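Okay, so here's the structure we're looking at.
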Amino acid sequence: MGELVKIIAKSLVDNPSEVSVNEIEGEHSLVIELKVAPDDMGKVIGKQGRIAKAIRTLVKAAATKENKKVIVEIVQ
């Protein structure tokens, strides 16, 4: 799941080298922390959070195959 988020984020930002993904796994859930450069934060979130919501929807769809709950957090 983290690799999927990383690929999507790198294609959106101007500084793909500063994209990092951290996965925190629990028993029934997975938290994916996405970190990008401060200048690229708006590109990942999008207008009214539309791009962030789309990323979360894609990851959630991929996670249903593994019967896990996935939470994508965009952190600074």
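Residues in the structure tokens are numbered from 1 in each chain, the chains being A, B, ... in the order shown, and ligands are numbered from 1 in the order shown.
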### Message
Give me, as an MDAnalysis selection string, all polymer residues having an atom no more than 7 Å from range 42-47 of chain A, counting only C-alpha atoms and skipping those fewer than 4 positions away in the same chain.
### Response
chainID A and resid 9 12:13 51:52
### Task
Considering only C-alpha atoms, return as a PyMOL selection string whatever protein or nucleic-acid residues lie within 8 Å of Glu73 in chain A, sequence-local ones (same chain, fewer than 3 positions apart) excluded.
chain A and resi 31-34
Please dump the current selection as an mmCIF file, in the first residue's frame; keep N, CA, C and O atoms.
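Wrote it out as selection-v2.cif, contents follow:
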```
data_model
loop_
_atom_site.group_PDB
_atom_site.id
_atom_site.type_symbol
_atom_site.label_atom_id
_atom_site.label_comp_id
_atom_site.auth_asym_id
_atom_site.auth_seq_id
_atom_site.Cartn_x
_atom_site.Cartn_y
_atom_site.Cartn_z
ATOM 1 N N VAL A 31 -1.662 2.431 8.982
ATOM 2 C CA VAL A 31 -1.598 3.884 8.842
ATOM 3 C C VAL A 31 -0.421 4.202 7.928
ATOM 4 O O VAL A 31 0.700 3.764 8.173
ATOM 5 N N ILE A 32 -0.695 4.949 6.878
ATOM 6 C CA ILE A 32 0.339 5.351 5.934
ATOM 7 C C ILE A 32 0.531 6.853 6.071
ATOM 8 O O ILE A 32 -0.401 7.622 5.855
ATOM 9 N N GLU A 33 1.740 7.248 6.467
ATOM 10 C CA GLU A 33 2.068 8.671 6.606
ATOM 11 C C GLU A 33 2.825 9.114 5.362
ATOM 12 O O GLU A 33 3.870 8.559 5.033
ATOM 13 N N LEU A 34 2.297 10.110 4.694
ATOM 14 C CA LEU A 34 2.905 10.655 3.488
ATOM 15 C C LEU A 34 3.518 12.002 3.817
ATOM 16 O O LEU A 34 2.837 12.876 4.352
#
```
### Task
Identify, on the basis of only C-alpha atoms, every residue whose closest approach to Lys69 in chain A does not exceed 10 Å; exclude the query and any residue fewer than 5 positions from it along the same chain; express the result as a PyMOL selection string.
chain A and resi 26-31+59-60+63-64
Residues of range 13-67 of chain A in alpha helix (DSSP H), written as a short mmCIF file (atom, residue, chain, number, x, y, z; two decimals) with N, CA, C and O atoms, in the first residue's frame:
```cif
data_model
loop_
_atom_site.label_atom_id
_atom_site.label_comp_id
_atom_site.auth_asym_id
_atom_site.auth_seq_id
_atom_site.Cartn_x
_atom_site.Cartn_y
_atom_site.Cartn_z
N MET A 41 2.87 20.61 -0.76
CA MET A 41 1.75 20.19 0.07
C MET A 41 0.41 20.45 -0.62
O MET A 41 -0.49 19.61 -0.62
N GLY A 42 0.27 21.61 -1.25
CA GLY A 42 -0.97 21.95 -1.92
C GLY A 42 -1.27 21.06 -3.11
O GLY A 42 -2.43 20.78 -3.41
N LYS A 43 -0.24 20.58 -3.77
CA LYS A 43 -0.43 19.72 -4.93
C LYS A 43 -0.93 18.34 -4.52
O LYS A 43 -1.66 17.69 -5.27
N VAL A 44 -0.53 17.89 -3.34
CA VAL A 44 -0.96 16.58 -2.86
C VAL A 44 -2.37 16.65 -2.27
O VAL A 44 -3.14 15.72 -2.40
N ILE A 45 -2.69 17.78 -1.63
CA ILE A 45 -4.01 17.93 -1.02
C ILE A 45 -5.05 18.32 -2.07
O ILE A 45 -6.14 17.77 -2.09
N ARG A 50 -9.58 17.48 -2.71
CA ARG A 50 -10.06 16.50 -3.68
C ARG A 50 -9.00 15.46 -4.04
O ARG A 50 -9.31 14.27 -4.17
N ILE A 51 -7.76 15.89 -4.22
CA ILE A 51 -6.71 14.94 -4.59
C ILE A 51 -6.41 14.00 -3.42
O ILE A 51 -6.25 12.79 -3.60
N ALA A 52 -6.35 14.55 -2.20
CA ALA A 52 -6.13 13.71 -1.02
C ALA A 52 -7.24 12.68 -0.88
O ALA A 52 -6.99 11.52 -0.57
N LYS A 53 -8.47 13.09 -1.13
CA LYS A 53 -9.60 12.17 -1.03
C LYS A 53 -9.50 11.08 -2.09
O LYS A 53 -9.79 9.91 -1.82
N ALA A 54 -9.05 11.46 -3.29
CA ALA A 54 -8.89 10.48 -4.37
C ALA A 54 -7.81 9.46 -4.03
O ALA A 54 -7.97 8.26 -4.28
N ILE A 55 -6.71 9.93 -3.44
CA ILE A 55 -5.63 9.01 -3.03
C ILE A 55 -6.16 8.04 -1.98
O ILE A 55 -5.92 6.84 -2.05
N ARG A 56 -6.90 8.56 -1.00
CA ARG A 56 -7.47 7.70 0.05
C ARG A 56 -8.44 6.68 -0.54
O ARG A 56 -8.47 5.52 -0.11
N THR A 57 -9.23 7.09 -1.53
CA THR A 57 -10.19 6.17 -2.16
C THR A 57 -9.47 5.05 -2.90
O THR A 57 -9.87 3.88 -2.80
N LEU A 58 -8.42 5.38 -3.63
CA LEU A 58 -7.65 4.35 -4.35
C LEU A 58 -7.01 3.35 -3.38
O LEU A 58 -7.05 2.14 -3.61
N VAL A 59 -6.44 3.86 -2.30
CA VAL A 59 -5.78 2.98 -1.34
C VAL A 59 -6.82 2.11 -0.63
O VAL A 59 -6.59 0.93 -0.39
N LYS A 60 -7.96 2.69 -0.32
CA LYS A 60 -9.02 1.92 0.34
C LYS A 60 -9.52 0.80 -0.55
O LYS A 60 -9.79 -0.31 -0.09
N ALA A 61 -9.64 1.08 -1.86
CA ALA A 61 -10.07 0.06 -2.81
C ALA A 61 -9.05 -1.07 -2.90
O ALA A 61 -9.41 -2.25 -2.98
N ALA A 62 -7.78 -0.72 -2.89
CA ALA A 62 -6.73 -1.75 -2.94
C ALA A 62 -6.67 -2.55 -1.64
O ALA A 62 -6.31 -3.72 -1.64
N ALA A 63 -7.03 -1.92 -0.52
CA ALA A 63 -6.95 -2.58 0.78
C ALA A 63 -8.09 -3.55 1.02
O ALA A 63 -7.97 -4.44 1.87
#
```
### Message
When you count only C-alpha atoms, which of these residues is closest to Glu25 in chain A: A:Ile7, A:Val75, A:Gln48, A:Val70?
### Response
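Of the candidates, the smallest distance to Glu25 in chain A is held by A:Val70.
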### Query
CA of Ile24 in chain A and CA of Lys10 in chain A, how far apart in Å?
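Computing the Euclidean distance for CA of Lys10 in chain A and CA of Ile24 in chain A yields 20.2 Å.
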### Task
Report the distance between CA of Gly49 in chain A and CA of Lys68 in chain A in Å, rounded to one decimal place.
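Atom-to-atom, CA of Gly49 in chain A to CA of Lys68 in chain A, that is 23.5 Å.
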### Message
Could you pull out the strand (DSSP E or B) residues of chain A, going by DSSP on the backbone, and write them as a PyMOL selection string?
### Response
chain A and resi 20-25+29-35+69-75
With C-alpha atoms retained, export the selected residues as an mmCIF file, in the first residue's frame.
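Below is the file that was written, result.cif:
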```cif
data_model
loop_
_atom_site.group_PDB
_atom_site.id
_atom_site.type_symbol
_atom_site.label_atom_id
_atom_site.label_comp_id
_atom_site.auth_asym_id
_atom_site.auth_seq_id
_atom_site.Cartn_x
_atom_site.Cartn_y
_atom_site.Cartn_z
ATOM 1 C CA SER A 20 8.656 9.731 1.910
ATOM 2 C CA VAL A 21 6.136 7.161 3.075
ATOM 3 C CA ASN A 22 6.041 5.571 6.518
ATOM 4 C CA GLU A 23 3.816 2.567 7.252
ATOM 5 C CA ILE A 24 2.599 1.899 10.798
ATOM 6 C CA GLU A 25 0.895 -1.476 11.020
ATOM 7 C CA SER A 29 -5.388 -1.433 10.366
ATOM 8 C CA LEU A 30 -2.525 0.206 8.538
ATOM 9 C CA VAL A 31 -1.598 3.884 8.842
ATOM 10 C CA ILE A 32 0.339 5.351 5.934
ATOM 11 C CA GLU A 33 2.068 8.671 6.606
ATOM 12 C CA LEU A 34 2.905 10.655 3.488
ATOM 13 C CA LYS A 35 5.515 13.399 3.778
ATOM 14 C CA LYS A 69 -8.499 -0.750 7.130
ATOM 15 C CA VAL A 70 -6.028 1.725 5.690
ATOM 16 C CA ILE A 71 -5.684 5.336 6.826
ATOM 17 C CA VAL A 72 -3.636 7.784 4.737
ATOM 18 C CA GLU A 73 -2.296 10.795 6.634
ATOM 19 C CA ILE A 74 -0.503 13.685 4.983
ATOM 20 C CA VAL A 75 1.992 15.095 7.488
#
```
### Task
Could you jot down the CA of Val19 in chain A to CA of Val36 in chain A separation for me, Å, one decimal place?
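For CA of Val19 in chain A relative to CA of Val36 in chain A, the distance reads 4.7 Å.
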